[in-house]
Amino acid sequence: MELQLDDSVLVKNYIQGDEKSLEILINRHNQRISSFIYSKVLNQSITEDIFQDTFIKVIRTLRKGSYSEEGKFLPWVLRIAHNLVIDHFRKNRRLPKFECNENFNIFSVIGDGKLNAEKQLIKDQIDFDIQLLIEQLPDDQKEVISMRMYKDMSFKEISENTGVSINTALGRMRYALINLRKLIETHNIVLTNY
Amino acid sequence: MEKIYSEQQNACRLAKVCPETVKFLLNYSRSLYITKYDYISFEGNLN
C-alpha cells in the first residue's frame, strides 16, 4: 500500500527545500483545482494560465515563509485560484474582446495604418514620378518646392534661406504647382491615388 | 428540468492542466531564490 503523506507534511518538506513534495502536491490537486477554474472560465487555455499563476503565487508565498499551516492547503489554493478568476473577468471587462468568425473578420475593416505591399509600390512609383516632374521646373521653383515639401520648412524659413521675401517664395510655390499640373496634363501622366 | 440542468453541461467537465504546465511550475520553483535583508525579501530567478 502506498503511503500518502499529508498536505501539511508535503508543504513543510517543500519549504525545507524538497522540490519533490511540490510535484506531489501539484499532481495530487491538479484535477481538483483545474476543474474548479474550468467550471468558471470554460476555456482550457485560460484554465492553464490561471492554474499556472495560482501556483506561482503559492510557490512564492511558501518560499517567502508567509504561509501559516492550518491544515487547509487546498482551500487556500482554491481561494487564490478564485481570486485570479475574478481578476481575469475584471481584466476582460476592461478590455473588451472581439472574436472573428467565418463571415466577418475585424481586420477587413480596421488596419494598422500602414500601406500594404501593393499600395506601397504605387506610392513609391508616384513619389518617383513627382521627383522627375520637379526636376523639369525652373531652379527657383524647384528650390522652393523642395524646401517646402521635402524639408518641411515654413515660408519664413524659405525666404530667409533663399534671400527673397515671403511673398516671392509663396509666388514661386504657386507657379511651381501650376507648372507641375501643366506638365502632368501635357504628358498625360496618371498619378493614381492610393 | 433536464434542459435547465444540461444548459451548462460543459462546466462540470473534469479538467487537468498539461504536463508542460506542471513542468514549468517545477522549474520555476527550482529557479526561484529569495534573499531576506532587514525584513525585506528580494526575489530572483536563476537561469
# chains A, B, ... in the order shown; residues from 1 in each chain; ligands from 1
>>> closest_atom_pairs(of="chain A", to="chain B", cutoff="12 Å", atoms="only C-alpha atoms", output="tab-separated table")
residue	atom	partner	partner_atom	distance
A:Tyr14	CA	B:Ser29	CA	10.0
A:Ile15	CA	B:Ser29	CA	10.9
A:Gly17	CA	B:Arg30	CA	9.3
A:Asp18	CA	B:Arg30	CA	9.9
A:Glu19	CA	B:Arg30	CA	7.3
A:Lys20	CA	B:Leu26	CA	8.8
A:Ser21	CA	B:Leu26	CA	10.3
A:Leu22	CA	B:Leu26	CA	7.4
A:Glu23	CA	B:Leu26	CA	6.8
A:Ile24	CA	B:Val22	CA	10.5
A:Leu25	CA	B:Val22	CA	10.6
A:Ile26	CA	B:Val22	CA	7.2
A:Asn27	CA	B:Val22	CA	7.9
A:Arg28	CA	B:Lys16	CA	10.9
A:His29	CA	B:Lys16	CA	9.4
A:Asn30	CA	B:Lys16	CA	5.9
A:Gln31	CA	B:Lys16	CA	4.7
A:Arg32	CA	B:Ala15	CA	7.9
A:Ile33	CA	B:Lys16	CA	8.1
A:Ser34	CA	B:Lys16	CA	5.3
A:Ser35	CA	B:Ala15	CA	4.5
A:Phe36	CA	B:Ala15	CA	8.2
A:Ile37	CA	B:Ala15	CA	8.6
A:Tyr38	CA	B:Ala15	CA	6.6
A:Ser39	CA	B:Ala11	CA	4.3
A:Lys40	CA	B:Ala11	CA	7.1
A:Val41	CA	B:Ala11	CA	8.4
A:Leu42	CA	B:Ala11	CA	6.2
A:Asn43	CA	B:Ala11	CA	9.6
A:Gln44	CA	B:Ala15	CA	7.7
A:Ser45	CA	B:Val17	CA	9.0
A:Ile46	CA	B:Val17	CA	10.4
A:Thr47	CA	B:Val17	CA	7.6
A:Glu48	CA	B:Val17	CA	5.6
A:Asp49	CA	B:Thr21	CA	8.6
A:Ile50	CA	B:Val17	CA	10.2
A:Phe51	CA	B:Val17	CA	7.6
A:Gln52	CA	B:Thr21	CA	6.7
A:Asp53	CA	B:Leu25	CA	9.3
A:Thr54	CA	B:Leu25	CA	10.1
A:Phe55	CA	B:Leu25	CA	7.1
A:Ile56	CA	B:Leu25	CA	7.0
A:Lys57	CA	B:Leu25	CA	10.6
A:Val58	CA	B:Ser29	CA	10.0
A:Ile59	CA	B:Ser29	CA	6.5
A:Arg60	CA	B:Leu32	CA	8.2
A:Thr61	CA	B:Ile34	CA	10.7
A:Leu62	CA	B:Ser29	CA	10.3
A:Arg63	CA	B:Ile34	CA	7.2
A:Lys64	CA	B:Ile34	CA	6.8
A:Gly65	CA	B:Ile34	CA	10.0
A:Ser66	CA	B:Ser41	CA	10.9
>>> write_last_selection(atoms="C-alpha atoms", output="short mmCIF file (atom, residue, chain, number, x, y, z; two decimals), in the first residue's frame")
data_model
loop_
_atom_site.label_atom_id
_atom_site.label_comp_id
_atom_site.auth_asym_id
_atom_site.auth_seq_id
_atom_site.Cartn_x
_atom_site.Cartn_y
_atom_site.Cartn_z
CA TYR A 14 8.81 21.79 0.36
CA ILE A 15 9.55 24.86 2.49
CA GLY A 17 13.79 22.54 0.16
CA ASP A 18 12.27 19.26 -1.05
CA GLU A 19 11.15 20.02 -4.61
CA LYS A 20 9.62 16.55 -4.99
CA SER A 21 6.98 17.50 -2.40
CA LEU A 22 5.79 20.33 -4.62
CA GLU A 23 5.46 17.94 -7.55
CA ILE A 24 3.33 15.59 -5.43
CA LEU A 25 1.16 18.49 -4.25
CA ILE A 26 0.60 19.78 -7.80
CA ASN A 27 -0.19 16.35 -9.20
CA ARG A 28 -2.43 15.48 -6.27
CA HIS A 29 -4.59 18.58 -6.66
CA ASN A 30 -4.19 19.14 -10.38
CA GLN A 31 -7.62 17.83 -11.39
CA ARG A 32 -9.47 19.41 -8.47
CA ILE A 33 -8.02 22.90 -9.00
CA SER A 34 -8.14 22.75 -12.81
CA SER A 35 -11.76 21.61 -12.80
CA PHE A 36 -12.62 24.39 -10.37
CA ILE A 37 -11.04 27.02 -12.64
CA TYR A 38 -12.50 25.44 -15.79
CA SER A 39 -16.01 25.47 -14.28
CA LYS A 40 -15.71 29.27 -14.07
CA VAL A 41 -13.87 30.22 -17.26
CA LEU A 42 -14.98 27.37 -19.58
CA ASN A 43 -11.76 27.56 -21.57
CA GLN A 44 -8.84 25.15 -21.36
CA SER A 45 -6.11 27.66 -22.29
CA ILE A 46 -7.32 30.21 -19.74
CA THR A 47 -7.56 27.40 -17.19
CA GLU A 48 -3.91 26.55 -17.81
CA ASP A 49 -2.90 30.21 -17.42
CA ILE A 50 -4.82 30.72 -14.20
CA PHE A 51 -3.58 27.40 -12.79
CA GLN A 52 -0.04 28.48 -13.54
CA ASP A 53 -0.50 31.91 -11.94
CA THR A 54 -2.13 30.29 -8.92
CA PHE A 55 0.83 28.00 -8.27
CA ILE A 56 3.33 30.78 -8.92
CA LYS A 57 1.65 32.65 -6.06
CA VAL A 58 1.63 29.51 -3.94
CA ILE A 59 5.33 28.87 -4.58
CA ARG A 60 6.31 32.47 -3.80
CA THR A 61 4.26 32.58 -0.63
CA LEU A 62 5.63 29.26 0.62
CA ARG A 63 9.22 30.16 -0.19
CA LYS A 64 8.91 33.55 1.48
CA GLY A 65 7.69 31.83 4.60
CA SER A 66 4.42 33.80 4.63
#
>>> residues_around(residues="Gly71 in chain A", least_positions_apart="6", cutoff="9 Å", atoms="only C-alpha atoms", output="VMD selection string")
chain A and resid 6 to 8
>>> atom_distance(atom1="CA of Ile184 in chain A", atom2="CA of Leu121 in chain A")
20.1 Å
>>> select_by_dssp(residues="range 96-166 of chain A", states="helix (DSSP H, G or I)", output="number ranges by chain")
A: 106-108, 117-135, 139-150, 155-162, 166
>>> atom_distance(atom1="CA of Glu160 in chain A", atom2="CA of Phe128 in chain A")
28.6 Å
>>> atom_distance(atom1="CA of Lys12 in chain A", atom2="CA of Glu69 in chain A")
8.5 Å
